[in-house]
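Undergrad: My file is structure_21.cif. It has mmCIF, C-alpha atoms:
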data_coords
loop_
_atom_site.label_atom_id
_atom_site.label_comp_id
_atom_site.auth_asym_id
_atom_site.auth_seq_id
_atom_site.Cartn_x
_atom_site.Cartn_y
_atom_site.Cartn_z
CA MET A 1 5.62 2.06 15.03
CA VAL A 2 3.23 0.90 17.73
CA ALA A 3 -0.40 0.18 16.95
CA SER A 4 -3.14 -0.29 19.50
CA ASN A 5 -2.96 -3.61 21.29
CA GLY A 6 -6.60 -3.38 22.29
CA THR A 7 -9.05 -5.90 20.96
CA VAL A 8 -11.28 -4.99 18.06
CA SER A 9 -14.62 -6.46 17.11
CA ALA A 10 -14.64 -10.12 16.20
CA ARG A 11 -14.41 -10.74 12.50
CA GLU A 12 -17.58 -11.84 10.74
CA PRO A 13 -17.10 -14.36 7.91
CA GLN A 14 -17.46 -12.87 4.47
CA SER A 15 -20.04 -14.22 2.07
CA ALA A 16 -19.44 -17.10 -0.31
CA ARG A 17 -19.69 -14.70 -3.23
CA GLU A 18 -16.86 -12.63 -1.85
CA PHE A 19 -14.69 -15.68 -1.35
CA ASN A 20 -15.12 -16.45 -5.05
CA ASP A 21 -14.55 -12.92 -6.34
CA GLN A 22 -12.15 -12.35 -9.21
CA ALA A 23 -10.12 -9.26 -10.01
CA GLU A 24 -10.69 -7.82 -13.46
CA GLY A 25 -9.73 -4.54 -15.08
CA PRO A 26 -7.28 -2.68 -17.33
CA SER A 27 -4.88 -1.89 -14.48
CA ILE A 28 -3.88 -5.54 -14.09
CA ASP A 29 -0.42 -6.57 -15.26
CA PRO A 30 -0.81 -10.39 -15.42
CA ALA A 31 2.92 -11.08 -15.05
CA ASP A 32 3.17 -9.04 -11.86
CA VAL A 33 0.00 -10.58 -10.41
CA ALA A 34 1.36 -14.06 -11.11
CA ARG A 35 4.71 -13.20 -9.52
CA PHE A 36 3.16 -12.07 -6.24
CA SER A 37 0.55 -14.83 -6.28
CA ALA A 38 3.30 -17.45 -6.37
CA GLN A 39 4.60 -16.16 -3.02
CA ALA A 40 1.22 -15.51 -1.39
CA ALA A 41 1.60 -18.04 1.42
CA GLU A 42 4.81 -16.35 2.61
CA TRP A 43 3.56 -12.81 3.24
CA TRP A 44 3.64 -13.16 7.04
CA ASP A 45 6.98 -14.97 7.27
CA ALA A 46 9.26 -12.24 8.66
CA LYS A 47 12.31 -14.26 7.57
CA GLY A 48 10.98 -15.26 4.15
CA PRO A 49 10.93 -13.49 0.78
CA PHE A 50 9.00 -10.54 2.24
CA ALA A 51 11.50 -9.98 5.08
CA PRO A 52 12.64 -6.61 3.63
CA LEU A 53 9.02 -5.45 3.53
CA HIS A 54 8.61 -6.37 7.20
CA ARG A 55 11.61 -4.13 7.99
CA PHE A 56 10.23 -1.38 5.75
CA ASN A 57 6.69 -1.57 7.15
CA PRO A 58 7.16 0.35 10.44
CA ALA A 59 8.29 3.45 8.55
CA ARG A 60 5.34 3.24 6.16
CA LEU A 61 2.88 2.76 9.00
CA ALA A 62 4.33 5.66 10.99
CA PHE A 63 4.06 7.94 7.95
CA VAL A 64 0.40 7.06 7.36
CA ARG A 65 -0.45 7.28 11.06
CA ASP A 66 1.18 10.67 11.55
CA ARG A 67 -0.25 12.28 8.38
CA ALA A 68 -3.73 10.96 9.09
CA ALA A 69 -3.57 12.07 12.73
CA ALA A 70 -2.50 15.59 11.75
CA HIS A 71 -5.14 15.84 9.02
CA PHE A 72 -8.08 14.50 11.03
CA GLY A 73 -7.01 15.88 14.40
CA ARG A 74 -6.61 12.52 16.11
CA ASP A 75 -4.39 11.65 19.09
CA VAL A 76 -2.31 8.59 18.22
CA LYS A 77 -1.74 7.86 21.90
CA THR A 78 -5.40 6.98 22.37
CA ARG A 79 -6.79 3.49 21.83
CA GLU A 80 -8.19 3.01 18.31
CA ALA A 81 -7.36 6.62 17.50
CA PHE A 82 -9.01 6.55 14.08
CA ALA A 83 -12.33 4.99 15.09
CA GLY A 84 -15.15 6.24 12.87
CA LEU A 85 -12.90 6.73 9.83
CA THR A 86 -12.77 4.44 6.81
CA LEU A 87 -9.67 3.33 4.91
CA LEU A 88 -9.13 1.54 1.61
CA ASP A 89 -5.85 -0.34 1.08
CA ILE A 90 -5.41 -0.93 -2.66
CA GLY A 91 -2.95 -3.68 -3.59
CA CYS A 92 -2.99 -4.95 -0.02
CA GLY A 93 -0.96 -8.13 -0.58
CA GLY A 94 -1.15 -10.31 2.51
CA GLY A 95 -2.48 -7.55 4.75
CA LEU A 96 0.72 -6.09 6.24
CA ILE A 97 -0.75 -2.58 6.14
CA ALA A 98 -4.45 -3.45 6.52
CA GLU A 99 -4.09 -5.23 9.87
CA PRO A 100 -2.26 -2.46 11.77
CA MET A 101 -4.60 0.13 10.26
CA ARG A 102 -7.56 -1.83 11.63
CA ARG A 103 -5.92 -2.02 15.05
CA MET A 104 -5.60 1.76 15.00
CA GLY A 105 -9.39 1.95 14.67
CA PHE A 106 -9.99 2.47 10.94
CA GLY A 107 -12.81 0.56 9.31
CA VAL A 108 -10.68 -1.19 6.66
CA THR A 109 -11.50 -2.42 3.18
CA ALA A 110 -8.54 -4.02 1.40
CA ALA A 111 -8.30 -5.14 -2.21
CA ASP A 112 -5.74 -6.97 -4.32
CA ALA A 113 -5.69 -8.30 -7.88
CA SER A 114 -4.35 -11.65 -6.64
CA SER A 115 -6.93 -14.07 -5.25
CA GLU A 116 -4.07 -15.98 -3.63
CA ASN A 117 -2.94 -12.88 -1.74
CA ILE A 118 -6.49 -12.23 -0.56
CA GLY A 119 -6.82 -15.82 0.63
CA THR A 120 -3.68 -15.44 2.75
CA ALA A 121 -4.83 -12.05 4.08
CA ARG A 122 -8.29 -13.34 5.02
CA ALA A 123 -6.88 -16.37 6.80
CA HIS A 124 -4.43 -14.29 8.82
CA ALA A 125 -7.10 -11.73 9.74
CA ASP A 126 -9.33 -14.57 10.93
CA GLN A 127 -6.54 -15.84 13.17
CA GLN A 128 -6.13 -12.34 14.64
CA GLY A 129 -9.85 -11.73 15.09
CA LEU A 130 -9.80 -8.66 12.85
CA ASP A 131 -12.87 -7.58 10.91
CA ILE A 132 -11.22 -6.46 7.66
CA HIS A 133 -13.29 -6.49 4.47
CA TYR A 134 -11.05 -8.17 1.89
CA ARG A 135 -11.76 -8.24 -1.84
CA ALA A 136 -10.02 -9.88 -4.77
CA ALA A 137 -10.75 -6.92 -7.03
CA THR A 138 -9.22 -4.04 -8.93
CA VAL A 139 -9.80 -0.40 -8.16
CA GLU A 140 -11.86 -0.15 -11.36
CA GLN A 141 -14.21 -2.84 -10.04
CA LEU A 142 -14.55 -1.07 -6.72
CA GLU A 143 -15.45 2.20 -8.43
CA THR A 144 -17.98 0.50 -10.72
CA GLU A 145 -19.61 -1.18 -7.72
CA GLY A 146 -19.97 2.15 -5.94
CA ALA A 147 -17.55 1.35 -3.12
CA GLY A 148 -16.71 4.10 -0.67
CA PRO A 149 -15.87 6.89 -0.73
CA PHE A 150 -13.24 6.49 1.99
CA ASP A 151 -11.58 8.91 4.39
CA VAL A 152 -8.15 7.48 3.53
CA VAL A 153 -7.04 5.63 0.40
CA LEU A 154 -3.64 3.94 0.37
CA THR A 155 -1.78 2.58 -2.62
CA MET A 156 1.59 1.44 -1.34
CA GLU A 157 4.21 0.27 -3.85
CA VAL A 158 1.49 -0.68 -6.34
CA ILE A 159 1.44 1.97 -9.07
CA GLU A 160 4.80 0.79 -10.49
CA HIS A 161 3.22 -2.64 -11.14
CA VAL A 162 0.06 -1.62 -13.02
CA ALA A 163 -0.49 -1.45 -16.77
CA ASP A 164 -1.84 2.13 -16.91
CA PRO A 165 -0.51 4.20 -13.97
CA GLU A 166 -2.45 7.37 -14.77
CA ALA A 167 -5.83 5.67 -15.13
CA PHE A 168 -5.10 3.68 -11.98
CA ILE A 169 -4.15 6.60 -9.76
CA ARG A 170 -6.99 8.80 -10.98
CA THR A 171 -9.46 6.02 -10.24
CA CYS A 172 -7.94 5.62 -6.77
CA SER A 173 -8.37 9.34 -6.16
CA ARG A 174 -12.07 9.23 -7.02
CA LEU A 175 -12.63 6.84 -4.10
CA VAL A 176 -11.48 9.49 -1.60
CA LYS A 177 -14.13 11.44 0.32
CA PRO A 178 -14.10 15.24 0.05
CA GLY A 179 -11.60 16.35 2.66
CA GLY A 180 -10.03 12.89 2.72
CA LEU A 181 -6.48 11.73 2.04
CA MET A 182 -4.79 9.55 -0.53
CA ILE A 183 -1.23 8.38 0.10
CA VAL A 184 0.81 6.97 -2.77
CA ALA A 185 4.10 5.15 -2.16
CA THR A 186 6.40 4.17 -4.99
CA LEU A 187 9.99 4.27 -6.30
CA ASN A 188 11.66 7.18 -8.06
CA ARG A 189 12.99 6.74 -11.60
CA THR A 190 16.51 7.91 -10.86
CA LEU A 191 19.91 6.39 -11.55
CA LYS A 192 20.30 5.89 -7.82
CA ALA A 193 17.05 3.91 -7.75
CA LEU A 194 18.25 1.85 -10.72
CA ALA A 195 21.49 1.03 -8.93
CA LEU A 196 20.12 0.46 -5.43
CA GLY A 197 16.37 -0.01 -5.71
CA LYS A 198 16.64 -2.42 -8.63
CA PHE A 199 20.05 -4.08 -9.11
CA ALA A 200 21.36 -4.03 -5.54
CA ALA A 201 18.01 -4.99 -3.98
CA GLU A 202 17.35 -7.82 -6.44
CA TYR A 203 20.79 -9.17 -7.42
CA VAL A 204 23.24 -8.21 -4.64
CA LEU A 205 21.33 -7.99 -1.37
CA ARG A 206 18.62 -10.39 -2.57
CA TRP A 207 16.00 -8.36 -0.71
CA VAL A 208 13.39 -9.20 -3.34
CA PRO A 209 13.30 -11.83 -6.10
CA ALA A 210 15.01 -10.94 -9.36
CA GLY A 211 12.57 -9.37 -11.78
CA THR A 212 10.28 -7.92 -9.11
CA HIS A 213 10.73 -4.38 -10.44
CA ASP A 214 11.04 -2.81 -13.87
CA TRP A 215 12.97 0.44 -13.46
CA ARG A 216 11.23 1.85 -16.53
CA GLN A 217 7.95 1.70 -14.59
CA PHE A 218 9.29 3.73 -11.66
CA LEU A 219 7.68 7.18 -11.51
CA LYS A 220 9.07 10.60 -10.76
CA PRO A 221 7.11 12.73 -8.25
CA ASP A 222 6.26 15.33 -10.90
CA GLU A 223 4.78 12.58 -13.07
CA ILE A 224 2.39 11.56 -10.31
CA ARG A 225 1.55 15.20 -9.72
CA GLY A 226 0.84 15.58 -13.44
CA MET A 227 -1.38 12.48 -13.52
CA LEU A 228 -3.56 14.00 -10.80
CA ALA A 229 -3.59 17.53 -12.21
CA ASN A 230 -7.15 17.25 -13.53
CA GLU A 231 -8.57 15.83 -10.31
CA PRO A 232 -9.82 18.11 -7.48
CA LEU A 233 -6.80 17.38 -5.30
CA THR A 234 -4.05 19.21 -3.48
CA VAL A 235 -0.88 17.15 -3.89
CA THR A 236 2.17 17.47 -1.63
CA GLY A 237 5.48 15.68 -1.54
CA PRO A 238 7.67 13.87 -2.25
CA TYR A 239 8.38 12.59 1.24
CA GLY A 240 11.35 10.25 1.09
CA LEU A 241 11.99 7.06 3.00
CA GLU A 242 15.56 5.85 3.24
CA PHE A 243 17.35 2.87 4.71
CA ASN A 244 20.16 3.19 7.26
CA PRO A 245 22.36 0.06 7.04
CA LEU A 246 23.97 0.88 10.40
CA THR A 247 20.68 0.71 12.28
CA ASP A 248 18.92 -1.66 9.84
CA ARG A 249 15.97 0.71 9.89
CA TRP A 250 13.96 2.89 7.53
CA SER A 251 13.03 6.49 8.33
CA GLU A 252 11.94 9.66 6.54
CA GLY A 253 14.74 11.16 4.49
CA ASN A 254 15.94 11.35 0.90
CA ALA A 255 13.39 10.79 -1.90
CA ASP A 256 15.88 9.56 -4.51
CA ILE A 257 14.65 5.96 -4.23
CA ASN A 258 11.52 5.39 -2.11
CA TYR A 259 9.04 8.19 -1.56
CA MET A 260 5.41 9.02 -0.80
CA MET A 261 2.99 11.60 -2.15
CA VAL A 262 -0.03 12.87 -0.22
CA ALA A 263 -3.17 14.10 -1.98
CA THR A 264 -6.10 15.80 -0.24
CA ARG A 265 -9.46 15.82 -2.02
CA ASP A 266 -11.00 19.29 -2.13
#
Show me, as structure tokens, the structure contained in the file I just sent.

TA:
Amino acid sequence: MVASNGTVSAREPQSAREFNDQAEGPSIDPADVARFSAQAAEWWDAKGPFAPLHRFNPARLAFVRDRAAAHFGRDVKTREAFAGLTLLDIGCGGGLIAEPMRRMGFGVTAADASSENIGTARAHADQQGLDIHYRAATVEQLETEGAGPFDVVLTMEVIEHVADPEAFIRTCSRLVKPGGLMIVATLNRTLKALALGKFAAEYVLRWVPAGTHDWRQFLKPDEIRGMLANEPLTVTGPYGLEFNPLTDRWSEGNADINYMMVATRD
């Protein structure tokens, strides 16, 4: 996955109010927010606790880039290919998706329930000179405030950590412009995902800290499709992402563990 290396506009400091914002809303699972907050300073350490996510990220970015390019008719070989389009990254963590999306030309807003994560993301974006609009907020707060709508809404490996997945994903979908895209990434509730996505990843390979995931909160593709059935969306997928231990790389493949769903607002 190669993003544009061209410079983007210098980042303007956000207001004092925004630096003191607090995430509130029914989607928050306090235990999960606390777990990720405790590791906030390590998001950009490619050899730290988020090392597996750094290896996973190129496949996620390529998926988003290619689907968005096909949908909006953009040439990914051009500099800032998505200039003029807006993107919302919900549950942005330290900014591992938000920064490359901005380099591709999107106007990026990124939100996370953890103020610590947002602090790390803002600091790193400042160092890179990237004008990303970061918010410590929930999707419910963004909707109430009248944010968006956005051409692209991303919620990447977030829905399995929220308290009410259906309310969360339907709220996310309402922030998509007519004709826009929403991409949802999560883990499948299969026995294979229990064995590899939960126990092997947390207790054998130590890819993520023990307790990061609750297999009971993993969602099947048809469940996501059902949650969005009453929204004016066309939902496609699942599109699987799988890990090849021989190449140490992720690529599109089987959806038994990690997968994405794509929803287009009518």

Undergrad: Residue by residue, what does the PyMOL selection byres ((chain A and resi 81-90) around 9) grab here? Present the result as number ranges by chain.

TA: A: 4, 68-69, 72, 74-80, 91-93, 95, 97-98, 101-102, 104-112, 138-139, 148-156, 158, 172, 175-176

Undergrad: Smallest atom-to-atom distance to Phe218 in chain A: which of A:Ile159, A:Val235, A:Met261, A:Ala167, using only C-alpha atoms?

TA: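 Among A:Ile159, A:Val235, A:Met261, A:Ala167, it is A:Ile159 that comes nearest to Phe218 in chain A.
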
Undergrad: Excluding Arg170 in chain A and residues on its chain fewer than 6 positions from it, collect all residues at most 12 Å away from it, counting all atoms listed in the file, and give them as an mmCIF file with C-alpha atoms, in the frame of the given file.

TA:
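So selection-v7.cif came out as:
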data_model
loop_
_atom_site.group_PDB
_atom_site.id
_atom_site.type_symbol
_atom_site.label_atom_id
_atom_site.label_comp_id
_atom_site.auth_asym_id
_atom_site.auth_seq_id
_atom_site.Cartn_x
_atom_site.Cartn_y
_atom_site.Cartn_z
ATOM 1 C CA SER A 27 -4.880 -1.890 -14.480
ATOM 2 C CA VAL A 139 -9.800 -0.400 -8.160
ATOM 3 C CA GLU A 140 -11.860 -0.150 -11.360
ATOM 4 C CA GLU A 143 -15.450 2.200 -8.430
ATOM 5 C CA VAL A 153 -7.040 5.630 0.400
ATOM 6 C CA THR A 155 -1.780 2.580 -2.620
ATOM 7 C CA ILE A 159 1.440 1.970 -9.070
ATOM 8 C CA ASP A 164 -1.840 2.130 -16.910
ATOM 9 C CA VAL A 176 -11.480 9.490 -1.600
ATOM 10 C CA MET A 182 -4.790 9.550 -0.530
ATOM 11 C CA VAL A 184 0.810 6.970 -2.770
ATOM 12 C CA ILE A 224 2.390 11.560 -10.310
ATOM 13 C CA ARG A 225 1.550 15.200 -9.720
ATOM 14 C CA GLY A 226 0.840 15.580 -13.440
ATOM 15 C CA MET A 227 -1.380 12.480 -13.520
ATOM 16 C CA LEU A 228 -3.560 14.000 -10.800
ATOM 17 C CA ALA A 229 -3.590 17.530 -12.210
ATOM 18 C CA ASN A 230 -7.150 17.250 -13.530
ATOM 19 C CA GLU A 231 -8.570 15.830 -10.310
ATOM 20 C CA PRO A 232 -9.820 18.110 -7.480
ATOM 21 C CA LEU A 233 -6.800 17.380 -5.300
ATOM 22 C CA ALA A 263 -3.170 14.100 -1.980
ATOM 23 C CA ARG A 265 -9.460 15.820 -2.020
#

Undergrad: Quick one: residues within 9 Å of (6.5, 7.3, -6.6) (file frame), counting all atoms listed in the file, please, as a list of chain:residue names.

TA: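 Answer for this query, in the requested form: A:Glu157, A:Ile159, A:Glu160, A:Val184, A:Ala185, A:Thr186, A:Leu187, A:Asn188, A:Arg189, A:Phe218, A:Leu219, A:Lys220, A:Pro221, A:Glu223, A:Ile224, A:Pro238, A:Ile257, A:Asn258, A:Tyr259, A:Met260, A:Met261.
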
Undergrad: Please write the residues picked by the PyMOL selection byres ((chain A and resi 178) around 6) on this file as number ranges by chain.

TA: A: 177, 179-180, 265-266

Undergrad: Enter the distance from CA of His161 in chain A to CA of Thr264 in chain A, in Å, rounded to one decimal.

TA: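 These atoms are spaced 23.4 Å apart.
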
Undergrad: Could you put an axis-aligned box around every listed atom of range 217-221 of chain A, padded by 5 Å on each side, and send me its centre and edge lengths in Å to one decimal, as JSON?

TA:
{"center_x": 8.2, "center_y": 7.2, "center_z": -11.4, "size_x": 12.2, "size_y": 21.0, "size_z": 16.3}

Undergrad: By how many Å are CA of Leu96 in chain A and CA of Pro58 in chain A apart?

TA: 10.0 Å

Undergrad: Pick the closest to Arg135 in chain A from A:Ala113, A:Ala255, A:Ala195, A:Ile183: which is it, counting only C-alpha atoms?

TA: A:Ala113

Undergrad: Could you list the residues chosen by the PyMOL selection byres ((chain A and resi 249) around 10) in this structure as a list in words?

TA: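 Evaluating the PyMOL selection byres ((chain A and resi 249) around 10) on this file yields Arg55, Phe56, Asn57, Pro58, Ala59, Glu242, Phe243, Asn244, Pro245, Leu246, Thr247, Asp248, Trp250 and Ser251 of chain A.
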
Undergrad: Using all atoms listed in the file, which of A:Leu194, A:Ala62, A:Ala147, A:Ile118 sits nearest Tyr134 in chain A?

TA: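 The answer is A:Ile118, which sits nearest to Tyr134 in chain A.
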
Undergrad: To one decimal place, how far is CA of Pro49 in chain A from CA of Phe168 in chain A in Å?

TA: 26.7 Å

Undergrad: Using all atoms listed in the file, can you tell me which of A:Pro165, A:Ala70, A:Arg103, A:Gln141 comes closest to Gly129 in chain A?

TA: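 Distance minimum relative to Gly129 in chain A lands on A:Arg103.
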